[in-house]
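Pasting model03.cif here (mmCIF, N, CA and C atoms):
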```
data_run
#
loop_
_atom_site.label_atom_id
_atom_site.label_comp_id
_atom_site.auth_asym_id
_atom_site.auth_seq_id
_atom_site.Cartn_x
_atom_site.Cartn_y
_atom_site.Cartn_z
N MET A 26 136.20 96.63 80.30
CA MET A 26 135.46 97.80 80.76
C MET A 26 134.09 97.34 81.28
N LEU A 27 133.67 97.90 82.40
CA LEU A 27 132.40 97.54 83.00
C LEU A 27 131.24 98.32 82.39
N SER A 28 130.10 97.67 82.24
CA SER A 28 128.90 98.35 81.77
C SER A 28 128.38 99.25 82.89
N PRO A 29 127.47 100.18 82.59
CA PRO A 29 126.90 101.02 83.66
C PRO A 29 126.24 100.20 84.77
N GLN A 30 125.56 99.11 84.41
CA GLN A 30 124.92 98.26 85.41
C GLN A 30 125.97 97.57 86.30
N GLU A 31 127.07 97.12 85.68
CA GLU A 31 128.13 96.48 86.45
C GLU A 31 128.81 97.47 87.38
N ARG A 32 129.03 98.71 86.90
CA ARG A 32 129.64 99.73 87.74
C ARG A 32 128.75 100.04 88.94
N GLU A 33 127.43 100.11 88.70
CA GLU A 33 126.50 100.39 89.79
C GLU A 33 126.52 99.25 90.80
N SER A 34 126.50 98.01 90.33
CA SER A 34 126.46 96.88 91.26
C SER A 34 127.77 96.77 92.05
N GLU A 35 128.88 97.21 91.47
CA GLU A 35 130.16 97.18 92.20
C GLU A 35 130.04 97.99 93.49
N GLY A 36 129.36 99.13 93.45
CA GLY A 36 129.21 99.98 94.62
C GLY A 36 128.21 99.45 95.63
N LEU A 37 127.41 98.48 95.24
CA LEU A 37 126.39 97.93 96.12
C LEU A 37 126.80 96.62 96.78
N MET A 38 127.94 96.07 96.38
CA MET A 38 128.35 94.79 96.92
C MET A 38 128.52 94.88 98.44
N GLY A 39 128.05 93.84 99.11
CA GLY A 39 128.15 93.80 100.56
C GLY A 39 127.03 92.98 101.16
N TYR A 40 126.91 93.05 102.47
CA TYR A 40 125.89 92.32 103.21
C TYR A 40 124.85 93.30 103.73
N TYR A 41 123.58 92.93 103.59
CA TYR A 41 122.48 93.79 104.01
C TYR A 41 121.49 92.98 104.84
N PRO A 42 120.98 93.59 105.93
CA PRO A 42 119.99 92.89 106.73
C PRO A 42 118.68 92.72 105.96
N VAL A 43 117.98 91.63 106.26
CA VAL A 43 116.67 91.37 105.68
C VAL A 43 115.69 91.16 106.82
N LEU A 44 114.61 91.91 106.79
CA LEU A 44 113.55 91.80 107.79
C LEU A 44 112.26 91.41 107.09
N ILE A 45 111.31 90.90 107.84
CA ILE A 45 109.98 90.67 107.29
C ILE A 45 109.10 91.81 107.78
N THR A 46 108.62 92.62 106.84
CA THR A 46 107.78 93.77 107.16
C THR A 46 106.55 93.75 106.25
N LYS A 47 105.53 94.50 106.64
CA LYS A 47 104.32 94.55 105.83
C LYS A 47 104.53 95.50 104.67
N SER A 48 104.31 95.01 103.48
CA SER A 48 104.48 95.80 102.26
C SER A 48 103.21 96.59 101.97
N PRO A 49 103.33 97.92 101.90
CA PRO A 49 102.16 98.72 101.54
C PRO A 49 101.67 98.40 100.12
N LYS A 50 102.59 98.11 99.24
CA LYS A 50 102.23 97.84 97.84
C LYS A 50 101.49 96.51 97.69
N PHE A 51 102.00 95.47 98.37
CA PHE A 51 101.43 94.13 98.21
C PHE A 51 100.40 93.80 99.29
N GLY A 52 100.38 94.60 100.37
CA GLY A 52 99.42 94.39 101.44
C GLY A 52 99.63 93.12 102.25
N LYS A 53 100.86 92.60 102.24
CA LYS A 53 101.15 91.41 103.03
C LYS A 53 102.58 91.48 103.53
N TRP A 54 102.90 90.56 104.43
CA TRP A 54 104.24 90.50 105.03
C TRP A 54 105.20 89.84 104.06
N LEU A 55 106.30 90.54 103.77
CA LEU A 55 107.31 90.06 102.82
C LEU A 55 108.70 90.44 103.31
N PRO A 56 109.71 89.70 102.88
CA PRO A 56 111.09 90.09 103.21
C PRO A 56 111.44 91.44 102.56
N GLN A 57 112.14 92.27 103.33
CA GLN A 57 112.60 93.57 102.83
C GLN A 57 114.09 93.70 103.10
N VAL A 58 114.85 94.05 102.06
CA VAL A 58 116.29 94.26 102.18
C VAL A 58 116.51 95.69 102.67
N ILE A 59 117.26 95.84 103.73
CA ILE A 59 117.43 97.13 104.41
C ILE A 59 118.83 97.69 104.17
N GLY A 60 118.90 99.01 103.98
CA GLY A 60 120.19 99.71 104.00
C GLY A 60 120.99 99.70 102.71
N VAL A 61 120.38 99.36 101.58
CA VAL A 61 121.11 99.40 100.31
C VAL A 61 121.21 100.86 99.88
N PRO A 62 122.42 101.39 99.74
CA PRO A 62 122.58 102.81 99.42
C PRO A 62 121.84 103.22 98.14
N GLY A 63 121.01 104.24 98.27
CA GLY A 63 120.28 104.77 97.11
C GLY A 63 119.02 104.01 96.76
N TYR A 64 118.67 103.00 97.56
CA TYR A 64 117.48 102.19 97.27
C TYR A 64 116.64 102.04 98.53
N ALA A 65 115.34 102.04 98.37
CA ALA A 65 114.42 101.81 99.48
C ALA A 65 113.31 100.89 98.99
N GLY A 66 112.77 100.12 99.89
CA GLY A 66 111.64 99.27 99.54
C GLY A 66 111.98 98.06 98.70
N ILE A 67 113.23 97.58 98.78
CA ILE A 67 113.59 96.39 98.03
C ILE A 67 112.97 95.18 98.73
N ARG A 68 112.16 94.46 98.00
CA ARG A 68 111.45 93.31 98.54
C ARG A 68 111.89 92.02 97.86
N ILE A 69 111.62 90.92 98.53
CA ILE A 69 111.70 89.60 97.91
C ILE A 69 110.25 89.17 97.77
N HIS A 70 109.76 89.07 96.53
CA HIS A 70 108.36 88.73 96.31
C HIS A 70 108.22 87.85 95.08
N GLY A 71 107.08 87.22 94.96
CA GLY A 71 106.83 86.33 93.84
C GLY A 71 106.71 87.07 92.52
N GLY A 72 107.07 86.39 91.46
CA GLY A 72 106.97 86.92 90.11
C GLY A 72 107.67 85.98 89.15
N ASN A 73 107.25 86.01 87.90
CA ASN A 73 107.81 85.07 86.93
C ASN A 73 108.56 85.72 85.78
N TYR A 74 108.36 87.01 85.58
CA TYR A 74 108.94 87.68 84.41
C TYR A 74 109.53 89.03 84.83
N PRO A 75 110.42 89.59 84.01
CA PRO A 75 110.98 90.91 84.34
C PRO A 75 109.91 91.97 84.60
N LYS A 76 108.79 91.86 83.92
CA LYS A 76 107.72 92.85 84.11
C LYS A 76 107.11 92.79 85.52
N ASP A 77 107.39 91.71 86.26
CA ASP A 77 106.84 91.52 87.59
C ASP A 77 107.66 92.20 88.69
N THR A 78 108.72 92.89 88.32
CA THR A 78 109.57 93.54 89.32
C THR A 78 110.02 94.92 88.84
N GLU A 79 110.20 95.80 89.82
CA GLU A 79 110.77 97.13 89.55
C GLU A 79 112.11 97.24 90.27
N GLY A 80 112.86 96.14 90.29
CA GLY A 80 114.15 96.13 90.96
C GLY A 80 114.19 95.25 92.19
N CYS A 81 113.06 94.64 92.53
CA CYS A 81 113.02 93.71 93.67
C CYS A 81 113.57 92.36 93.24
N ILE A 82 113.65 91.46 94.19
CA ILE A 82 114.21 90.13 93.96
C ILE A 82 113.07 89.14 93.78
N LEU A 83 113.09 88.41 92.68
CA LEU A 83 112.10 87.37 92.42
C LEU A 83 112.75 86.03 92.69
N PRO A 84 112.34 85.33 93.75
CA PRO A 84 112.95 84.02 94.03
C PRO A 84 112.37 82.95 93.11
N GLY A 85 113.10 81.88 92.94
CA GLY A 85 112.62 80.76 92.13
C GLY A 85 113.76 80.09 91.41
N TRP A 86 113.39 79.35 90.38
CA TRP A 86 114.37 78.60 89.60
C TRP A 86 114.36 79.11 88.17
N ASN A 87 115.56 79.31 87.63
CA ASN A 87 115.73 79.86 86.29
C ASN A 87 116.08 78.74 85.33
N ARG A 88 115.08 77.95 85.00
CA ARG A 88 115.31 76.81 84.10
C ARG A 88 115.20 77.21 82.63
N HIS A 89 114.52 78.32 82.38
CA HIS A 89 114.34 78.82 81.01
C HIS A 89 114.68 80.30 81.00
N LYS A 90 115.48 80.71 80.04
CA LYS A 90 115.94 82.09 79.97
C LYS A 90 114.74 83.04 79.94
N GLY A 91 114.81 84.07 80.78
CA GLY A 91 113.79 85.10 80.80
C GLY A 91 112.61 84.83 81.72
N THR A 92 112.63 83.69 82.44
CA THR A 92 111.53 83.39 83.36
C THR A 92 112.07 82.87 84.69
N VAL A 93 111.27 83.05 85.71
CA VAL A 93 111.55 82.48 87.02
C VAL A 93 110.40 81.52 87.31
N GLU A 94 110.72 80.28 87.59
CA GLU A 94 109.69 79.27 87.81
C GLU A 94 109.50 79.01 89.31
N ASP A 95 108.28 78.62 89.66
CA ASP A 95 107.93 78.25 91.04
C ASP A 95 108.28 79.35 92.04
N SER A 96 108.03 80.59 91.66
CA SER A 96 108.41 81.72 92.50
C SER A 96 107.66 81.73 93.83
N GLN A 97 106.36 81.47 93.81
CA GLN A 97 105.60 81.47 95.08
C GLN A 97 106.08 80.36 96.01
N LYS A 98 106.39 79.22 95.44
CA LYS A 98 106.92 78.11 96.25
C LYS A 98 108.26 78.51 96.87
N ALA A 99 109.14 79.11 96.08
CA ALA A 99 110.44 79.55 96.59
C ALA A 99 110.27 80.62 97.66
N LEU A 100 109.34 81.55 97.46
CA LEU A 100 109.10 82.59 98.46
C LEU A 100 108.62 81.96 99.76
N HIS A 101 107.75 80.98 99.68
CA HIS A 101 107.26 80.29 100.87
C HIS A 101 108.42 79.63 101.63
N ILE A 102 109.32 78.98 100.91
CA ILE A 102 110.49 78.35 101.52
C ILE A 102 111.36 79.39 102.22
N ILE A 103 111.59 80.51 101.55
CA ILE A 103 112.41 81.59 102.13
C ILE A 103 111.76 82.14 103.39
N MET A 104 110.45 82.37 103.34
CA MET A 104 109.74 82.92 104.50
C MET A 104 109.82 81.96 105.68
N GLN A 105 109.66 80.66 105.44
CA GLN A 105 109.76 79.67 106.52
C GLN A 105 111.16 79.67 107.12
N TRP A 106 112.16 79.69 106.25
CA TRP A 106 113.55 79.69 106.72
C TRP A 106 113.82 80.93 107.57
N MET A 107 113.34 82.09 107.10
CA MET A 107 113.56 83.33 107.84
C MET A 107 112.84 83.29 109.19
N GLN A 108 111.62 82.82 109.22
CA GLN A 108 110.88 82.74 110.48
C GLN A 108 111.62 81.88 111.50
N ARG A 109 112.13 80.73 111.05
CA ARG A 109 112.88 79.85 111.96
C ARG A 109 114.13 80.56 112.49
N ALA A 110 114.82 81.27 111.61
CA ALA A 110 116.02 82.00 112.04
C ALA A 110 115.65 83.06 113.07
N PHE A 111 114.60 83.83 112.83
CA PHE A 111 114.19 84.88 113.78
C PHE A 111 113.76 84.28 115.11
N GLU A 112 113.06 83.15 115.07
CA GLU A 112 112.64 82.48 116.31
C GLU A 112 113.83 82.05 117.16
N LYS A 113 114.95 81.76 116.52
CA LYS A 113 116.18 81.39 117.24
C LYS A 113 117.00 82.61 117.65
N GLY A 114 116.52 83.80 117.29
CA GLY A 114 117.26 85.02 117.62
C GLY A 114 118.37 85.33 116.63
N GLU A 115 118.35 84.66 115.49
CA GLU A 115 119.39 84.89 114.47
C GLU A 115 119.00 86.04 113.54
N ARG A 116 120.01 86.64 112.95
CA ARG A 116 119.78 87.68 111.95
C ARG A 116 119.83 87.05 110.57
N VAL A 117 119.14 87.67 109.64
CA VAL A 117 119.15 87.21 108.24
C VAL A 117 119.80 88.32 107.42
N THR A 118 120.78 87.95 106.59
CA THR A 118 121.43 88.92 105.72
C THR A 118 121.42 88.42 104.27
N LEU A 119 121.51 89.37 103.37
CA LEU A 119 121.61 89.09 101.94
C LEU A 119 122.95 89.62 101.46
N GLU A 120 123.67 88.82 100.72
CA GLU A 120 124.94 89.26 100.15
C GLU A 120 124.72 89.63 98.70
N ILE A 121 125.09 90.86 98.35
CA ILE A 121 125.11 91.29 96.95
C ILE A 121 126.56 91.18 96.50
N ARG A 122 126.77 90.40 95.48
CA ARG A 122 128.12 90.22 94.98
C ARG A 122 128.13 90.25 93.46
N ARG A 123 129.28 90.42 92.94
CA ARG A 123 129.45 90.48 91.50
C ARG A 123 129.23 89.10 90.90
N LYS A 124 128.55 89.07 89.78
CA LYS A 124 128.31 87.80 89.08
C LYS A 124 129.59 87.41 88.37
N TYR A 125 129.99 86.15 88.55
CA TYR A 125 131.20 85.67 87.89
C TYR A 125 130.85 84.66 86.84
#
```

Take the structure I supplied and represent it as structure tokens, if you would.
Amino acid sequence: MLSPQERESEGLMGYYPVLITKSPKFGKWLPQVIGVPGYAGIRIHGGNYPKDTEGCILPGWNRHKGTVEDSQKALHIIMQWMQRAFEKGERVTLEIRRKY
């Protein structure tokens, strides 16, 4: 039997466009996931702990349970990669899939 969180994520699985837009909350340009049903303003931004997000994506490395390490460094890498893709005329998408 699936938990409520698993049932919710089942309905969200798919591919979503990601754009770089100016975040009113953070006051800077950040990746934004577009078109997720029932959600708006999903960002990819730096943070190290669950308290640092309200449902956004914190990039980094999970070497220790409950923390994300080198989040700003990971965000910088993602932003560079996205900029290069946009300069080539490519689209950037995020896949939401079930954790196995």

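When atom CA of Leu44 of chain A is paired with atom CA of Trp86 of chain A, their separation reads 22.5 Å.
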
Which residues would end up in the selection if the PyMOL selection byres ((chain A and resi 72) around 6.5) were applied here, given that I need the answer as a list of chain:residue names? A:His70, A:Gly71, A:Asn73, A:Tyr74, A:Asp77, A:Thr78, A:Leu83, A:Pro84, A:Val93, A:Ser96, A:Gln97

Do you know which residues the PyMOL selection byres ((chain A and resi 59) around 8) returns on this file, as a PDB file with N, CA and C atoms, keeping the file's coordinate frame?
```
ATOM      1  N   TYR A  40     126.910  93.050 102.470  1.00  0.00           N
ATOM      2  CA  TYR A  40     125.890  92.320 103.210  1.00  0.00           C
ATOM      3  C   TYR A  40     124.850  93.300 103.730  1.00  0.00           C
ATOM      4  N   TYR A  41     123.580  92.930 103.590  1.00  0.00           N
ATOM      5  CA  TYR A  41     122.480  93.790 104.010  1.00  0.00           C
ATOM      6  C   TYR A  41     121.490  92.980 104.840  1.00  0.00           C
ATOM      7  N   PRO A  42     120.980  93.590 105.930  1.00  0.00           N
ATOM      8  CA  PRO A  42     119.990  92.890 106.730  1.00  0.00           C
ATOM      9  C   PRO A  42     118.680  92.720 105.960  1.00  0.00           C
ATOM     10  N   VAL A  43     117.980  91.630 106.260  1.00  0.00           N
ATOM     11  CA  VAL A  43     116.670  91.370 105.680  1.00  0.00           C
ATOM     12  C   VAL A  43     115.690  91.160 106.820  1.00  0.00           C
ATOM     13  N   LEU A  44     114.610  91.910 106.790  1.00  0.00           N
ATOM     14  CA  LEU A  44     113.550  91.800 107.790  1.00  0.00           C
ATOM     15  C   LEU A  44     112.260  91.410 107.090  1.00  0.00           C
ATOM     16  N   PRO A  56     109.710  89.700 102.880  1.00  0.00           N
ATOM     17  CA  PRO A  56     111.090  90.090 103.210  1.00  0.00           C
ATOM     18  C   PRO A  56     111.440  91.440 102.560  1.00  0.00           C
ATOM     19  N   GLN A  57     112.140  92.270 103.330  1.00  0.00           N
ATOM     20  CA  GLN A  57     112.600  93.570 102.830  1.00  0.00           C
ATOM     21  C   GLN A  57     114.090  93.700 103.100  1.00  0.00           C
ATOM     22  N   VAL A  58     114.850  94.050 102.060  1.00  0.00           N
ATOM     23  CA  VAL A  58     116.290  94.260 102.180  1.00  0.00           C
ATOM     24  C   VAL A  58     116.510  95.690 102.670  1.00  0.00           C
ATOM     25  N   GLY A  60     118.900  99.010 103.980  1.00  0.00           N
ATOM     26  CA  GLY A  60     120.190  99.710 104.000  1.00  0.00           C
ATOM     27  C   GLY A  60     120.990  99.700 102.710  1.00  0.00           C
ATOM     28  N   VAL A  61     120.380  99.360 101.580  1.00  0.00           N
ATOM     29  CA  VAL A  61     121.110  99.400 100.310  1.00  0.00           C
ATOM     30  C   VAL A  61     121.210 100.860  99.880  1.00  0.00           C
ATOM     31  N   PRO A  62     122.420 101.390  99.740  1.00  0.00           N
ATOM     32  CA  PRO A  62     122.580 102.810  99.420  1.00  0.00           C
ATOM     33  C   PRO A  62     121.840 103.220  98.140  1.00  0.00           C
ATOM     34  N   TYR A  64     118.670 103.000  97.560  1.00  0.00           N
ATOM     35  CA  TYR A  64     117.480 102.190  97.270  1.00  0.00           C
ATOM     36  C   TYR A  64     116.640 102.040  98.530  1.00  0.00           C
ATOM     37  N   ALA A  65     115.340 102.040  98.370  1.00  0.00           N
ATOM     38  CA  ALA A  65     114.420 101.810  99.480  1.00  0.00           C
ATOM     39  C   ALA A  65     113.310 100.890  98.990  1.00  0.00           C
ATOM     40  N   GLY A  66     112.770 100.120  99.890  1.00  0.00           N
ATOM     41  CA  GLY A  66     111.640  99.270  99.540  1.00  0.00           C
ATOM     42  C   GLY A  66     111.980  98.060  98.700  1.00  0.00           C
ATOM     43  N   ILE A  67     113.230  97.580  98.780  1.00  0.00           N
ATOM     44  CA  ILE A  67     113.590  96.390  98.030  1.00  0.00           C
ATOM     45  C   ILE A  67     112.970  95.180  98.730  1.00  0.00           C
ATOM     46  N   ARG A  68     112.160  94.460  98.000  1.00  0.00           N
ATOM     47  CA  ARG A  68     111.450  93.310  98.540  1.00  0.00           C
ATOM     48  C   ARG A  68     111.890  92.020  97.860  1.00  0.00           C
ATOM     49  N   LEU A 119     121.510  89.370 103.370  1.00  0.00           N
ATOM     50  CA  LEU A 119     121.610  89.090 101.940  1.00  0.00           C
ATOM     51  C   LEU A 119     122.950  89.620 101.460  1.00  0.00           C
TER      52      LEU A 119
END
```

So for segment 96-99 of chain A, what box centre and size do we get, axis-aligned, 4 Å extra on each of the six sides, every listed atom, Å to one decimal, as JSON?
```
{"center_x": 108.0, "center_y": 79.9, "center_z": 94.7, "size_x": 12.8, "size_y": 11.6, "size_z": 14.0}
```

Determine which residues of chain A receive a DSSP assignment of alpha helix (DSSP H), computed from the backbone, and state them as a ChimeraX atom specification. /A:29-37,96-112

As a list in words, please: all residues of chain A that backbone DSSP puts in strand (DSSP E). Gly39, Tyr40, Tyr41, Pro42, Val43, Leu44, Ile45, Thr46, Lys47, Trp54, Leu55, Pro56, Gln57, Val58, Ile67, Arg68, Thr118, Leu119, Glu120 and Ile121 of chain A

Dump of N, CA and C atoms for the selected residues, as an mmCIF file, in the frame of the given file:
```
data_model
loop_
_atom_site.group_PDB
_atom_site.id
_atom_site.type_symbol
_atom_site.label_atom_id
_atom_site.label_comp_id
_atom_site.auth_asym_id
_atom_site.auth_seq_id
_atom_site.Cartn_x
_atom_site.Cartn_y
_atom_site.Cartn_z
ATOM 1 N N GLY A 39 128.050 93.840 99.110
ATOM 2 C CA GLY A 39 128.150 93.800 100.560
ATOM 3 C C GLY A 39 127.030 92.980 101.160
ATOM 4 N N TYR A 40 126.910 93.050 102.470
ATOM 5 C CA TYR A 40 125.890 92.320 103.210
ATOM 6 C C TYR A 40 124.850 93.300 103.730
ATOM 7 N N TYR A 41 123.580 92.930 103.590
ATOM 8 C CA TYR A 41 122.480 93.790 104.010
ATOM 9 C C TYR A 41 121.490 92.980 104.840
ATOM 10 N N PRO A 42 120.980 93.590 105.930
ATOM 11 C CA PRO A 42 119.990 92.890 106.730
ATOM 12 C C PRO A 42 118.680 92.720 105.960
ATOM 13 N N VAL A 43 117.980 91.630 106.260
ATOM 14 C CA VAL A 43 116.670 91.370 105.680
ATOM 15 C C VAL A 43 115.690 91.160 106.820
ATOM 16 N N LEU A 44 114.610 91.910 106.790
ATOM 17 C CA LEU A 44 113.550 91.800 107.790
ATOM 18 C C LEU A 44 112.260 91.410 107.090
ATOM 19 N N ILE A 45 111.310 90.900 107.840
ATOM 20 C CA ILE A 45 109.980 90.670 107.290
ATOM 21 C C ILE A 45 109.100 91.810 107.780
ATOM 22 N N THR A 46 108.620 92.620 106.840
ATOM 23 C CA THR A 46 107.780 93.770 107.160
ATOM 24 C C THR A 46 106.550 93.750 106.250
ATOM 25 N N LYS A 47 105.530 94.500 106.640
ATOM 26 C CA LYS A 47 104.320 94.550 105.830
ATOM 27 C C LYS A 47 104.530 95.500 104.670
ATOM 28 N N TRP A 54 102.900 90.560 104.430
ATOM 29 C CA TRP A 54 104.240 90.500 105.030
ATOM 30 C C TRP A 54 105.200 89.840 104.060
ATOM 31 N N LEU A 55 106.300 90.540 103.770
ATOM 32 C CA LEU A 55 107.310 90.060 102.820
ATOM 33 C C LEU A 55 108.700 90.440 103.310
ATOM 34 N N PRO A 56 109.710 89.700 102.880
ATOM 35 C CA PRO A 56 111.090 90.090 103.210
ATOM 36 C C PRO A 56 111.440 91.440 102.560
ATOM 37 N N GLN A 57 112.140 92.270 103.330
ATOM 38 C CA GLN A 57 112.600 93.570 102.830
ATOM 39 C C GLN A 57 114.090 93.700 103.100
ATOM 40 N N VAL A 58 114.850 94.050 102.060
ATOM 41 C CA VAL A 58 116.290 94.260 102.180
ATOM 42 C C VAL A 58 116.510 95.690 102.670
ATOM 43 N N ILE A 67 113.230 97.580 98.780
ATOM 44 C CA ILE A 67 113.590 96.390 98.030
ATOM 45 C C ILE A 67 112.970 95.180 98.730
ATOM 46 N N ARG A 68 112.160 94.460 98.000
ATOM 47 C CA ARG A 68 111.450 93.310 98.540
ATOM 48 C C ARG A 68 111.890 92.020 97.860
ATOM 49 N N THR A 118 120.780 87.950 106.590
ATOM 50 C CA THR A 118 121.430 88.920 105.720
ATOM 51 C C THR A 118 121.420 88.420 104.270
ATOM 52 N N LEU A 119 121.510 89.370 103.370
ATOM 53 C CA LEU A 119 121.610 89.090 101.940
ATOM 54 C C LEU A 119 122.950 89.620 101.460
ATOM 55 N N GLU A 120 123.670 88.820 100.720
ATOM 56 C CA GLU A 120 124.940 89.260 100.150
ATOM 57 C C GLU A 120 124.720 89.630 98.700
ATOM 58 N N ILE A 121 125.090 90.860 98.350
ATOM 59 C CA ILE A 121 125.110 91.290 96.950
ATOM 60 C C ILE A 121 126.560 91.180 96.500
#
```

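What separates atom C of Arg122 of chain A from atom C of Ile69 of chain A is a distance of 18.4 Å.
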
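Going from atom CA of Glu120 of chain A to atom CA of Pro49 of chain A covers 24.7 Å.
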